[in-house]
Every structure is written in structure tokens, then in C-alpha cells.
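Printed here is structure36.cif (mmCIF, C-alpha atoms):
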```cif
data_model
#
loop_
_atom_site.label_atom_id
_atom_site.label_comp_id
_atom_site.auth_asym_id
_atom_site.auth_seq_id
_atom_site.Cartn_x
_atom_site.Cartn_y
_atom_site.Cartn_z
CA MET A 1 27.59 -18.32 -22.82
CA SER A 2 27.57 -18.48 -19.09
CA GLU A 3 24.06 -17.10 -18.54
CA PRO A 4 21.23 -19.62 -18.87
CA LEU A 5 19.28 -17.84 -21.59
CA SER A 6 15.71 -18.85 -22.14
CA ALA A 7 15.10 -20.17 -25.60
CA GLY A 8 14.04 -18.07 -28.54
CA VAL A 9 15.29 -14.98 -30.31
CA GLU A 10 12.33 -12.94 -29.11
CA SER A 11 12.97 -13.46 -25.43
CA GLY A 12 16.68 -12.83 -26.00
CA ALA A 13 15.93 -9.43 -27.48
CA ILE A 14 13.58 -8.60 -24.62
CA ASP A 15 16.22 -9.64 -22.11
CA ARG A 16 18.76 -7.35 -23.70
CA LEU A 17 16.33 -4.45 -23.68
CA MET A 18 15.48 -5.19 -20.04
CA ALA A 19 19.15 -5.35 -19.14
CA ASP A 20 19.78 -2.00 -20.85
CA VAL A 21 16.90 -0.35 -19.04
CA VAL A 22 18.03 -1.75 -15.68
CA ALA A 23 21.59 -0.56 -16.29
CA GLU A 24 20.34 2.91 -17.19
CA ILE A 25 18.18 3.14 -14.06
CA THR A 26 21.04 1.91 -11.87
CA ASP A 27 23.37 4.56 -13.27
CA ARG A 28 20.77 7.27 -12.83
CA LEU A 29 20.32 6.30 -9.19
CA HIS A 30 24.08 6.46 -8.66
CA ALA A 31 24.28 9.85 -10.32
CA GLY A 32 21.54 11.06 -8.00
CA GLU A 33 19.10 11.70 -10.80
CA PRO A 34 15.42 11.15 -10.13
CA VAL A 35 13.98 8.00 -11.67
CA ASP A 36 10.49 8.15 -13.07
CA ALA A 37 9.42 4.54 -12.71
CA ALA A 38 6.00 5.16 -14.25
CA ALA A 39 7.56 6.70 -17.37
CA TYR A 40 9.77 3.64 -17.89
CA MET A 41 6.74 1.37 -17.61
CA LYS A 42 4.85 3.49 -20.11
CA ARG A 43 7.73 3.55 -22.56
CA HIS A 44 8.23 -0.22 -22.30
CA PRO A 45 4.83 -1.70 -21.47
CA GLU A 46 6.06 -5.14 -22.58
CA LEU A 47 8.64 -5.00 -19.77
CA ALA A 48 6.44 -3.57 -17.03
CA ASP A 49 5.72 -6.86 -15.28
CA ARG A 50 9.39 -7.75 -14.98
CA LEU A 51 10.56 -4.21 -14.43
CA ARG A 52 8.46 -3.65 -11.34
CA PRO A 53 10.14 -6.25 -9.10
CA MET A 54 13.53 -5.20 -10.42
CA LEU A 55 12.93 -1.58 -9.50
CA ALA A 56 11.88 -2.77 -6.06
CA ALA A 57 15.11 -4.76 -5.71
CA LEU A 58 17.17 -1.76 -6.88
CA ASP A 59 15.51 0.45 -4.34
CA VAL A 60 15.99 -2.04 -1.51
CA LEU A 61 19.69 -2.23 -2.39
CA ALA A 62 19.98 1.55 -2.55
CA GLN A 63 18.45 1.82 0.91
CA PHE A 64 20.65 -0.97 2.19
CA SER A 65 23.67 0.76 0.75
CA SER A 66 22.82 4.05 2.40
CA SER A 67 21.93 2.67 5.83
CA ALA A 68 24.64 0.08 5.97
CA GLY A 69 27.51 1.46 3.94
CA SER A 70 30.41 3.05 5.66
CA GLU A 71 30.25 5.72 3.01
CA ARG A 72 27.10 6.84 4.67
CA ARG A 73 25.53 9.01 2.04
CA SER A 74 26.84 7.24 -1.02
CA GLY A 75 23.67 5.27 -1.56
CA ARG A 76 20.93 7.08 -3.36
CA SER A 77 17.60 5.76 -2.25
CA VAL A 78 15.52 8.87 -2.31
CA ALA A 79 15.15 10.86 -5.47
CA GLY A 80 14.71 14.12 -3.58
CA GLU A 81 17.77 13.59 -1.45
CA GLN A 82 20.14 14.26 -4.30
CA LEU A 83 18.07 16.88 -6.05
CA GLY A 84 20.39 19.35 -4.41
CA GLY A 85 19.58 22.23 -6.70
CA THR A 86 16.08 22.86 -7.91
CA LEU A 87 12.85 21.05 -8.54
CA GLY A 88 10.69 23.02 -10.97
CA ASP A 89 9.90 26.34 -9.35
CA PHE A 90 11.55 25.35 -6.07
CA ARG A 91 15.11 25.72 -4.87
CA ILE A 92 15.87 23.13 -2.22
CA LEU A 93 17.68 24.48 0.83
CA ARG A 94 17.86 21.67 3.38
CA GLU A 95 16.17 18.54 4.61
CA VAL A 96 13.75 19.12 7.46
CA GLY A 97 12.55 15.61 8.15
CA ARG A 98 11.51 12.33 6.67
CA GLY A 99 8.98 9.65 7.25
CA GLY A 100 7.43 6.63 5.66
CA MET A 101 5.51 8.72 3.16
CA GLY A 102 8.11 11.20 2.04
CA VAL A 103 10.86 13.67 2.75
CA VAL A 104 10.23 17.28 3.72
CA TYR A 105 12.66 19.97 2.59
CA GLU A 106 12.92 23.61 3.35
CA ALA A 107 12.80 25.26 -0.08
CA GLU A 108 12.34 28.56 -1.80
CA GLN A 109 9.60 29.06 -4.36
CA ILE A 110 11.59 30.97 -6.96
CA SER A 111 8.79 32.81 -8.78
CA LEU A 112 7.15 34.11 -5.61
CA GLN A 113 10.32 34.34 -3.51
CA ARG A 114 8.77 32.72 -0.50
CA ARG A 115 9.94 29.97 1.75
CA VAL A 116 8.00 26.74 1.62
CA ALA A 117 8.12 23.27 3.06
CA LEU A 118 8.40 20.93 0.09
CA LYS A 119 7.23 17.38 0.64
CA ILE A 120 8.63 14.92 -1.88
CA LEU A 121 7.58 11.36 -2.49
CA PRO A 122 10.61 9.09 -2.63
CA PHE A 123 11.40 7.02 -5.65
CA ALA A 124 10.36 3.78 -3.99
CA ALA A 125 6.90 4.95 -3.33
CA THR A 126 6.28 6.14 -6.87
CA MET A 127 6.10 2.52 -7.89
CA ASP A 128 2.98 1.83 -5.90
CA PRO A 129 -0.05 3.54 -7.42
CA ARG A 130 -1.91 3.34 -4.13
CA GLN A 131 0.80 5.23 -2.29
CA LEU A 132 0.85 7.80 -5.05
CA GLN A 133 -2.89 8.16 -4.65
CA ARG A 134 -2.49 8.61 -0.90
CA PHE A 135 0.13 11.28 -1.46
CA HIS A 136 -2.17 13.27 -3.73
CA ASN A 137 -5.13 12.68 -1.44
CA GLU A 138 -3.10 14.11 1.40
CA ALA A 139 -2.31 17.23 -0.61
CA ARG A 140 -5.91 17.66 -1.73
CA ALA A 141 -7.29 17.04 1.73
CA ALA A 142 -4.91 19.57 3.25
CA ALA A 143 -5.66 22.10 0.51
CA CYS A 144 -9.38 22.08 1.20
CA LEU A 145 -8.97 22.50 4.95
CA ASP A 146 -8.89 26.00 6.31
CA HIS A 147 -7.75 26.12 9.90
CA PRO A 148 -5.09 28.17 11.70
CA HIS A 149 -3.51 24.99 13.05
CA ILE A 150 -3.21 23.19 9.75
CA VAL A 151 -0.46 24.12 7.34
CA LYS A 152 -1.59 25.66 4.07
CA VAL A 153 -0.84 23.78 0.86
CA HIS A 154 0.55 26.08 -1.85
CA ALA A 155 1.07 23.74 -4.76
CA VAL A 156 1.09 20.14 -5.82
CA GLY A 157 2.73 18.61 -8.87
CA CYS A 158 5.18 16.28 -10.51
CA GLU A 159 8.54 17.38 -11.86
CA ARG A 160 11.10 15.10 -13.57
CA GLY A 161 9.22 12.12 -12.19
CA VAL A 162 9.30 13.37 -8.62
CA HIS A 163 5.93 13.97 -7.00
CA TYR A 164 5.80 16.85 -4.55
CA PHE A 165 3.62 19.30 -2.76
CA ALA A 166 4.54 22.64 -1.27
CA MET A 167 3.27 23.92 2.05
CA LYS A 168 3.76 27.04 4.07
CA PHE A 169 7.05 26.73 5.93
CA ILE A 170 6.78 26.82 9.71
CA GLU A 171 9.86 27.38 11.84
CA GLY A 172 10.01 25.20 14.88
CA GLN A 173 10.62 21.73 16.19
CA SER A 174 8.77 18.60 15.32
CA LEU A 175 6.32 17.48 17.93
CA ALA A 176 8.33 14.31 18.38
CA VAL A 177 11.24 16.41 19.64
CA ARG A 178 8.95 18.71 21.53
CA ARG A 179 7.37 15.84 23.36
CA HIS A 180 10.68 15.03 25.00
CA ALA A 181 11.59 18.62 25.69
CA THR A 182 8.51 19.84 27.46
CA ASN A 183 5.80 18.66 29.74
CA ARG A 184 3.21 20.82 28.05
CA ASN A 185 2.43 17.81 25.95
CA ARG A 186 -1.21 17.69 26.66
CA ASN A 187 -1.79 21.08 25.07
CA TYR A 188 -0.12 20.01 21.85
CA ALA A 189 -1.76 16.65 21.94
CA SER A 190 -5.17 18.18 22.25
CA ILE A 191 -4.50 20.61 19.38
CA VAL A 192 -3.29 17.79 17.16
CA ALA A 193 -6.31 15.75 18.15
CA ARG A 194 -8.62 18.59 17.18
CA CYS A 195 -6.85 18.98 13.82
CA CYS A 196 -7.26 15.27 13.23
CA ALA A 197 -10.93 15.52 13.99
CA LEU A 198 -11.16 18.19 11.31
CA SER A 199 -9.40 16.06 8.75
CA PRO A 200 -11.37 13.58 6.64
CA TYR A 201 -9.15 10.74 7.87
CA ARG A 202 -9.22 8.79 11.09
CA PRO A 203 -5.62 7.78 11.35
CA MET A 204 -5.35 7.35 15.13
CA GLY A 205 -6.91 3.94 15.17
CA HIS A 206 -5.14 1.84 12.62
CA ARG A 207 -2.11 3.74 11.38
CA GLY A 208 -0.56 4.36 14.72
CA ARG A 209 0.94 7.45 16.28
CA ARG A 210 1.05 10.79 14.59
CA GLY A 211 3.20 13.73 15.38
CA ALA A 212 6.43 13.58 13.41
CA GLY A 213 4.76 15.77 10.80
CA ALA A 214 3.51 18.28 13.31
CA ARG A 215 5.52 21.39 14.10
CA ALA A 216 5.56 23.34 17.33
CA GLN A 217 6.35 27.02 17.10
CA PRO A 218 7.39 29.00 20.17
CA GLY A 219 4.53 31.22 21.27
CA HIS A 220 2.19 29.77 18.71
CA ARG A 221 -0.24 26.98 18.57
CA SER A 222 0.73 24.03 16.53
CA PRO A 223 0.13 23.95 12.80
CA ARG A 224 1.10 20.76 11.12
CA HIS A 225 3.32 19.91 8.19
CA GLN A 226 0.94 17.28 7.13
CA ALA A 227 -2.73 16.98 7.33
CA GLY A 228 -4.13 13.90 5.76
CA GLN A 229 -2.00 10.94 6.66
CA SER A 230 0.28 9.72 9.34
CA ASP A 231 3.99 9.75 8.70
CA ASP A 232 4.68 6.83 11.00
CA MET B 1 31.80 7.51 -12.73
CA THR B 2 32.78 6.10 -16.09
CA THR B 3 36.12 4.60 -16.88
CA GLN B 4 38.59 7.18 -18.04
CA GLN B 5 40.30 4.74 -20.29
CA PRO B 6 42.23 7.19 -22.48
CA ASP B 7 43.46 9.13 -19.47
CA THR B 8 44.60 6.02 -17.68
CA GLU B 9 46.35 4.89 -20.85
CA GLU B 10 48.03 8.25 -21.19
CA LEU B 11 49.15 8.18 -17.55
CA LEU B 12 50.48 4.64 -17.95
CA ARG B 13 52.52 5.79 -20.95
CA GLN B 14 53.84 8.77 -19.01
CA ALA B 15 54.66 6.56 -16.02
CA GLU B 16 56.57 4.25 -18.30
CA HIS B 17 58.64 7.19 -19.50
CA GLY B 18 59.24 8.34 -15.97
CA TYR B 19 57.17 11.53 -16.04
CA PRO B 20 57.08 12.99 -12.54
CA GLY B 21 53.69 12.65 -10.87
CA ALA B 22 52.30 10.17 -13.40
CA ARG B 23 52.49 7.20 -11.02
CA GLU B 24 50.88 9.11 -8.19
CA GLY B 25 48.17 10.28 -10.58
CA LEU B 26 47.49 6.74 -11.69
CA LEU B 27 46.93 5.60 -8.14
CA ALA B 28 45.10 8.65 -6.84
CA ARG B 29 42.33 8.44 -9.41
CA HIS B 30 41.28 5.04 -8.04
CA ARG B 31 41.44 5.95 -4.36
CA ASP B 32 37.72 6.51 -3.76
CA ARG B 33 36.62 3.44 -5.61
CA LEU B 34 39.10 1.25 -3.77
CA ARG B 35 38.08 2.71 -0.45
CA LYS B 36 34.50 1.75 -1.24
CA MET B 37 35.61 -1.74 -2.18
CA VAL B 38 37.40 -2.11 1.17
CA ALA B 39 34.53 -0.62 3.14
CA TRP B 40 32.14 -3.22 1.77
CA ARG B 41 34.47 -6.16 2.05
CA LEU B 42 36.46 -5.67 5.19
CA ASP B 43 35.46 -8.29 7.72
CA ARG B 44 33.07 -6.53 10.04
CA ARG B 45 34.99 -7.38 13.19
CA LEU B 46 38.01 -5.74 11.64
CA ALA B 47 36.01 -2.79 10.39
CA ALA B 48 35.83 -1.28 13.87
CA ARG B 49 39.60 -1.12 14.15
CA ILE B 50 40.81 -0.60 10.62
CA ASP B 51 40.26 2.48 8.50
CA PRO B 52 39.63 1.59 4.85
CA SER B 53 41.86 4.51 3.84
CA ASP B 54 44.81 2.85 5.59
CA VAL B 55 44.17 -0.36 3.69
CA VAL B 56 44.15 1.57 0.40
CA GLN B 57 47.40 3.28 1.40
CA GLU B 58 49.03 -0.13 1.92
CA VAL B 59 47.75 -1.21 -1.47
CA PHE B 60 49.28 1.88 -3.07
CA LEU B 61 52.64 1.12 -1.50
CA GLU B 62 52.50 -2.40 -2.84
CA ALA B 63 51.38 -1.14 -6.24
CA SER B 64 54.30 1.29 -6.36
CA ARG B 65 56.69 -1.57 -5.64
CA LYS B 66 55.20 -3.60 -8.47
CA MET B 67 54.75 -0.73 -10.89
CA ASP B 68 57.91 -1.24 -12.98
CA ARG B 69 57.16 -4.85 -13.64
CA TYR B 70 53.53 -4.09 -14.36
CA LEU B 71 54.42 -1.39 -16.87
CA ARG B 72 56.69 -3.83 -18.70
CA GLU B 73 54.25 -6.71 -18.80
CA ARG B 74 50.75 -5.27 -18.48
CA PRO B 75 49.13 -8.63 -17.71
CA LEU B 76 45.75 -7.02 -17.03
CA PRO B 77 44.17 -3.56 -17.04
CA PHE B 78 45.23 -1.25 -14.23
CA PHE B 79 42.03 -0.99 -12.17
CA PRO B 80 41.54 -4.78 -11.95
CA LEU B 81 45.19 -5.03 -10.92
CA LEU B 82 44.61 -2.60 -8.06
CA ARG B 83 41.51 -4.54 -7.04
CA ALA B 84 43.47 -7.77 -7.03
CA LEU B 85 46.12 -6.18 -4.80
CA THR B 86 43.36 -4.86 -2.54
CA ALA B 87 41.79 -8.32 -2.28
CA GLU B 88 45.21 -9.74 -1.32
CA GLN B 89 45.64 -7.06 1.31
CA LEU B 90 42.19 -7.82 2.73
CA ALA B 91 42.96 -11.53 2.84
CA THR B 92 46.24 -10.83 4.65
CA LEU B 93 44.51 -8.66 7.23
CA HIS B 94 41.88 -11.30 7.72
CA ARG B 95 44.43 -14.09 8.18
CA ARG B 96 46.44 -12.03 10.63
CA HIS B 97 43.31 -11.30 12.63
CA VAL B 98 42.25 -14.92 12.65
CA ARG B 99 45.69 -16.04 13.79
CA ALA B 100 45.61 -13.52 16.61
CA GLN B 101 42.14 -14.50 17.76
CA GLY B 102 42.20 -18.23 17.21
CA ARG B 103 40.02 -20.30 14.97
CA SER B 104 36.77 -19.47 16.70
CA VAL B 105 36.41 -16.23 14.79
CA LEU B 106 36.67 -17.85 11.39
CA ARG B 107 33.56 -17.02 9.52
CA GLU B 108 31.41 -19.76 8.13
CA GLU B 109 30.70 -17.96 4.89
CA PRO B 110 33.55 -18.06 2.41
CA GLY B 111 33.31 -14.53 1.02
CA ILE B 112 34.37 -11.66 3.22
CA LEU B 113 31.62 -9.22 2.55
CA ASN B 114 31.18 -6.51 5.12
CA LEU B 115 27.46 -6.87 5.53
CA PRO B 116 26.26 -5.12 8.61
CA ASP B 117 24.37 -6.61 11.51
CA GLU B 118 24.63 -5.15 14.99
CA SER B 119 25.90 -1.86 13.74
CA ALA B 120 22.95 -1.39 11.43
CA ALA B 121 20.67 -0.07 14.14
CA GLU B 122 23.20 2.48 15.24
CA LEU B 123 23.95 3.53 11.69
CA ALA B 124 20.28 3.80 10.84
CA ALA B 125 19.74 5.84 13.96
CA ARG B 126 22.37 8.32 12.84
CA LEU B 127 20.99 8.39 9.34
CA VAL B 128 17.44 9.30 10.12
CA THR B 129 16.23 12.52 11.62
CA SER B 130 15.48 13.08 15.27
CA SER B 131 11.79 12.61 14.63
CA THR B 132 12.30 8.94 13.93
CA SER B 133 10.53 6.61 16.26
CA PRO B 134 12.22 3.55 17.74
CA THR B 135 9.73 1.47 15.80
CA LYS B 136 10.89 2.87 12.50
CA ARG B 137 14.51 2.35 13.46
CA ALA B 138 13.74 -1.27 14.23
CA ILE B 139 12.05 -1.66 10.86
CA ARG B 140 15.09 -0.23 9.12
CA GLN B 141 17.37 -2.58 11.01
CA GLU B 142 15.11 -5.47 10.17
CA GLN B 143 15.18 -4.45 6.52
CA CYS B 144 18.99 -4.37 6.54
CA GLU B 145 19.04 -7.82 8.08
CA ARG B 146 16.66 -9.16 5.42
CA VAL B 147 18.80 -7.80 2.60
CA ARG B 148 21.94 -9.13 4.23
CA LYS B 149 20.44 -12.60 4.49
CA ALA B 150 19.12 -12.56 0.94
CA LEU B 151 22.50 -11.47 -0.41
CA GLY B 152 24.08 -14.28 1.55
CA TRP B 153 21.83 -16.84 -0.12
CA LEU B 154 22.64 -15.71 -3.63
CA ARG B 155 25.22 -17.53 -5.68
CA ASP B 156 28.64 -15.88 -5.59
CA ARG B 157 28.44 -14.59 -9.14
CA ASP B 158 25.05 -12.98 -8.55
CA ARG B 159 26.15 -11.45 -5.28
CA GLU B 160 29.37 -10.19 -6.77
CA VAL B 161 27.70 -8.29 -9.60
CA LEU B 162 25.22 -6.71 -7.16
CA VAL B 163 28.00 -5.65 -4.80
CA LEU B 164 29.99 -4.16 -7.67
CA ARG B 165 27.10 -2.39 -9.32
CA ASN B 166 24.85 -1.42 -6.41
CA LEU B 167 27.08 -1.15 -3.36
CA GLU B 168 30.45 -0.14 -4.79
CA GLN B 169 28.51 1.68 -7.50
CA LEU B 170 30.90 0.86 -10.33
CA SER B 171 29.87 1.69 -13.88
CA VAL B 172 28.98 -1.07 -16.32
CA ALA B 173 32.35 -0.62 -18.06
CA ASP B 174 34.33 -0.87 -14.81
CA THR B 175 32.34 -3.88 -13.68
CA ALA B 176 33.01 -5.54 -17.02
CA GLU B 177 36.73 -4.86 -16.63
CA VAL B 178 36.78 -6.26 -13.11
CA LEU B 179 34.81 -9.39 -13.97
CA GLY B 180 36.54 -9.89 -17.29
CA ILE B 181 33.32 -10.14 -19.26
CA SER B 182 31.64 -7.94 -21.87
CA THR B 183 29.49 -4.96 -20.91
CA SER B 184 26.37 -6.60 -22.31
CA ALA B 185 27.09 -9.71 -20.23
CA VAL B 186 27.39 -7.49 -17.14
CA LYS B 187 24.00 -5.94 -17.84
CA VAL B 188 22.29 -9.30 -18.30
CA ARG B 189 23.98 -10.80 -15.25
CA HIS B 190 23.02 -7.79 -13.15
CA MET B 191 19.41 -8.01 -14.29
CA ARG B 192 19.19 -11.70 -13.44
CA ALA B 193 20.84 -11.17 -10.07
CA LEU B 194 18.25 -8.50 -9.26
CA GLU B 195 15.47 -10.87 -10.25
CA ARG B 196 16.87 -13.58 -7.98
CA LEU B 197 17.39 -11.16 -5.11
CA HIS B 198 13.81 -10.01 -5.43
CA ALA B 199 12.56 -13.59 -5.46
CA LEU B 200 14.52 -14.31 -2.27
CA LEU B 201 13.18 -11.22 -0.54
CA VAL B 202 9.63 -12.15 -1.47
CA GLU B 203 10.20 -15.68 -0.21
CA GLU B 204 11.55 -14.31 3.06
CA ASP B 205 8.47 -12.13 3.42
CA ARG B 206 6.25 -15.12 2.96
CA GLU B 207 8.10 -17.12 5.60
CA ASP B 208 7.81 -14.26 8.04
CA LEU B 209 4.05 -14.40 7.92
CA PRO B 210 2.50 -15.99 11.00
#
```

Step by step, read the file and then write its structure as C-alpha cells.
Amino acid sequence: MSEPLSAGVESGAIDRLMADVVAEITDRLHAGEPVDAAAYMKRHPELADRLRPMLAALDVLAQFSSSAGSERRSGRSVAGEQLGGTLGDFRILREVGRGGMGVVYEAEQISLQRRVALKILPFAATMDPRQLQRFHNEARAAACLDHPHIVKVHAVGCERGVHYFAMKFIEGQSLAVRRHATNRNRNYASIVARCCALSPYRPMGHRGRRGAGARAQPGHRSPRHQAGQSDD
Amino acid sequence: MTTQQPDTEELLRQAEHGYPGAREGLLARHRDRLRKMVAWRLDRRLAARIDPSDVVQEVFLEASRKMDRYLRERPLPFFPLLRALTAEQLATLHRRHVRAQGRSVLREEPGILNLPDESAAELAARLVTSSTSPTKRAIRQEQCERVRKALGWLRDRDREVLVLRNLEQLSVADTAEVLGISTSAVKVRHMRALERLHALLVEEDREDLP
């Protein structure tokens, strides 16, 4: 046996189970299937402590593979990226943007036949309960705000292990693009600032710039594709 | 995704009996996987000038030349054979390049693993959307560099199983065939390699703290 196995039948059996679970998760990532990290932990609580770092390593490698590989999109780091078809009631049409907290897709809500912006929490983040909490806080915070410049939240949920929330879809550019394209920045900046003041968070100080989540619509003021937290 | 063992066997049998198209079919089904192998292992100074597809084409020519003998003797399964030919081709390219450039370009590390460095920023920039800030791009580049370093520190056998499983994205069965070990040994080795990689990344994080 070439692997240095730790002594004992018990630990050997656990190792084999671990190895099977890791192989299964790796294959699912390659096939582009969403991986519900929390469900694996629940199903194998005895493995949770060892599984967590391994999932982190798998995700780091998936990201490395996709940013560094010459087969650019062969790495599957983000569960939503390969969803391709549908997620629950939503048919995914295209990626709109991504940030530290998630990926935003243009999607169609099938039952109501309306276009929505679907924000999906990537696989990596589902491993950290605090980030999950932040994601849901963001959805809740946005849902209870009623302001013409803040995008309405339609739905929030979890499907096949992928956490998401759906917002009204706004055509337009992101403010980050807009900022370079126009010198009417101050208008947008002041609108964003007022929206931030309305939100229960104070992100300007310690979480850095905002704006990637904000959308500018020609002829309209600027509603935002995120309300609670900074994307940067 | 998975090994198509029966199909490959069937094609090998047909090739042996001279069925038209069987040899081409045998090679073609491995094209993508070999291209991935080359993409990850081509020396990065060569990567700018050489298209992995061309390397695979050379390998196919060589494989065609050796096909008759292989079909008679079958010293190893077909996919590992193609990988061995690909590794030879990569080594030849590398030697030729080194001879042309002089010894100064010889890499210190023994393995020729195409792990990105300078190009990572550019690649990351293309990958992410226009709304990405320079800061985030830098973080991505930094992350790539961290992973590259950590992979470099791993023992060869750990690195190899991670490259096969996570970067080339081979199935457990294919990895087992390539490494010449059982599928359960692949799974255990992969798990341990991930554990070690994680430990190295954590260690790196700790050293980065002021």
C-alpha cells in the first residue's frame, strides 16, 4: 500500500467514505451540476470537519482551472454558471454580471412569464454560513425597501442547493461602465448615495466602493440590482 | 466523461481487422482530453507560440505509425499509450526550445506543468465582466499565484493526481488507468492531495499576515 494509512479499521472505513464523497463532488463539479455542500455535511456529519477544507480546496482548484486554463471555460467554479437551463421556476438566459457575493443572470420566471434578474450565490460561498446569512439578509433588506431607485425583490429561495433571489430586471449598463462613459457621474453618485442612506447598511465606510451592482437606464434614474451589500 | 472501455475495445478490434475509419475513430475520441493535457503541461514560454491542437496532431501521426505494432502487442491500454506519446512529444518540444535558447531558459522545477503567472492577470481580465474593478482583478491574479505556488510545493504524486482530476478533469477510471493504480486508490490519493493542498494554502495565508 503506497498511501500512509492511519491505523485502525474505523479510520480506514471513514477514509474510504470520505474519498468516495470527494470523488462524487469532483465529478459533479466537472459535469456542471450544482453542489449542495450543506447537504453533504448533513448526510455525513462525521465527515463535516474534514469535508469543509476539502471542499474549499476543490473550489480553489476549480477557480484556478477556469482563470488559468487555456480551455477558458472548462473549469466549473460557480454552480450557477453551468446551470444553463433552468433553476426552479426560472429559465436562465444569460449572465449579466458577477461580483464577490454572487452572479447575476437575466432569466425568465416561467410561471409568470416575466423577465427577472436572478442573483445566485456561488458554490464556494455556500460553505460559509455567514456569507449565506448575508445573502439572505440582502434579499430581505431589499424586499422591505420601497423606493423607485431600488430594485424590487420578487422571490428568494434555494433550489438544488443553489441559493438565489430574483429581482426586477432593469435594462441598462452597470454604473461601473457608466462611470467611464459619461461625466454625469455626480448625479448617479448622489442617487446611489441616497439609496444607501435608505438601506439599513452602511457599506461605504468599511466595505469599499459600491456601484457594480447598480444599473443606469437611459432616461431614468438609477435603480440598483442590489440593495443591501456591496459587491466589491 | 467516463471511459468508454467497450467502445474502445471494439474499435481496437476493428482496427486490427483493418476496418476503414476505425483507427481515426480511436484517435479522435481522445482528442479533447489530450488537448487539455497539453494545455496544462506545455511549458509556458512555449505556450505562446505553440497551439496544443498542433501538438495533438503530431501525437496522432506518431500513434498512426506505431499502431500496427501496438495492436499486435498491446503493452498497455490505449489512452495511457496516447498520453505517453504526448509526454514524449512535449519533452521533445521542450528540448528543442531549450537548445535554441541556451541553457538559461531551463526551468528549475523538474515537472513541466503549465502553471500561469504573468498571463493570469490578462486571462482573469478577459474572464470577468466589464464591471470588475482593478482591485478584484489583482485579487484573482494573486489567488492564481497562491495556487500555483502551493501546487509547486506538493509532492509529485499529489500534484499529479490533482492535475489529472481537477485541471484535466479526467474521471476516476481514466485517472486510475493513467496512473496504473486502482480506482479506490485514486480516490484516496486525491483526497489526501486535497488535504495537503489545503494545508499549504492555509500556511501561505498565515505567512502573508503582517

Legend entry - Matched chain/residue IDs from the PyMOL selection byres ((chain B and resi 30) around 12), as JSON, numbers by chain: {"B": [1, 2, 3, 4, 8, 23, 24, 25, 26, 27, 28, 29, 31, 32, 33, 34, 35, 36, 37, 53, 56, 57, 59, 60, 63, 78, 79, 80, 81, 82, 83, 86, 170, 174]}

Inset, instruction - For atom CA of B:Gln89 and atom CA of B:Lys187, determine how far apart the two atoms are, in Å to one decimal place. - result: 28.9 Å

Legend entry - Contact residues around A:Asp20 with all atoms listed in the file at 9 Å, ignoring same-chain residues under 6 positions, as a ChimeraX atom specification: /B:184,187-188,191

Inset, instruction - Just say which residues the PyMOL selection byres ((chain B and resi 160-162) around 8) picks in this file, as a PyMOL selection string. - result: chain B and resi 156-159+163-167+175+186+189-190+193-194

Legend entry - Proximity to B:Ala39 - best of B:Leu197, B:Ala87, B:Leu71, B:Leu11, all atoms listed in the file: B:Ala87

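Closest to chain A among B:Asp54, B:Gly152, B:Arg96, B:Val38 is B:Val38, based on all atoms listed in the file.
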
Inset, instruction - Grab the atom CA of A:Ala38 to atom CA of A:Ala117 distance for me, in Å with one decimal place. - result: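 Value for the atom CA of A:Ala38-atom CA of A:Ala117 distance: 25.1 Å.
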
Inset, instruction - May I ask which of the residues B:Glu177, B:Glu9, B:Glu88, B:Asp51 is the closest one to chain A, counting only C-alpha atoms? - result: B:Asp51

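Picture a line from atom CA of A:Ala57 to atom CA of A:Arg43; it runs 20.2 Å.
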
Inset, instruction - May I ask which of the residues B:Thr92, B:Val202, B:Pro75, B:Trp40 is the closest one to B:Pro52, counting only C-alpha atoms? - result: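 Closest residue, counting only C-alpha atoms: B:Trp40.
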
Determine the residue membership of the PyMOL selection byres ((chain A and resi 91) around 9) for the file above and supply it as a PDB file with C-alpha atoms, in the coordinates of the input.
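Contents of result01.pdb, freshly written:
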```pdb
ATOM      1  CA  GLY A  84      20.390  19.350  -4.410  1.00  0.00           C
ATOM      2  CA  GLY A  85      19.580  22.230  -6.700  1.00  0.00           C
ATOM      3  CA  THR A  86      16.080  22.860  -7.910  1.00  0.00           C
ATOM      4  CA  LEU A  87      12.850  21.050  -8.540  1.00  0.00           C
ATOM      5  CA  GLY A  88      10.690  23.020 -10.970  1.00  0.00           C
ATOM      6  CA  ASP A  89       9.900  26.340  -9.350  1.00  0.00           C
ATOM      7  CA  PHE A  90      11.550  25.350  -6.070  1.00  0.00           C
ATOM      8  CA  ILE A  92      15.870  23.130  -2.220  1.00  0.00           C
ATOM      9  CA  LEU A  93      17.680  24.480   0.830  1.00  0.00           C
ATOM     10  CA  GLU A 106      12.920  23.610   3.350  1.00  0.00           C
ATOM     11  CA  ALA A 107      12.800  25.260  -0.080  1.00  0.00           C
ATOM     12  CA  GLU A 108      12.340  28.560  -1.800  1.00  0.00           C
ATOM     13  CA  GLN A 109       9.600  29.060  -4.360  1.00  0.00           C
ATOM     14  CA  ILE A 110      11.590  30.970  -6.960  1.00  0.00           C
TER      15      ILE A 110
END
```

Inset, instruction - Find the residue from B:Leu179, B:Val172, B:Val147, B:Leu93 that sits nearest to B:Ala199; use only C-alpha atoms when measuring. - result: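 Using only C-alpha atoms, the shortest distance to B:Ala199 belongs to B:Val147.
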
Legend entry - Spatial neighbours of B:Ala91, 10 Å, all atoms listed in the file, chain gap at least 5 places, as a PyMOL selection string: chain B and resi 42-43+85-86+96-97+112

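Among A:Met54, A:Ile25, A:Val35, A:Leu17, the residue with the shortest atom-to-atom distance to chain B, counting all atoms listed in the file, is A:Met54.
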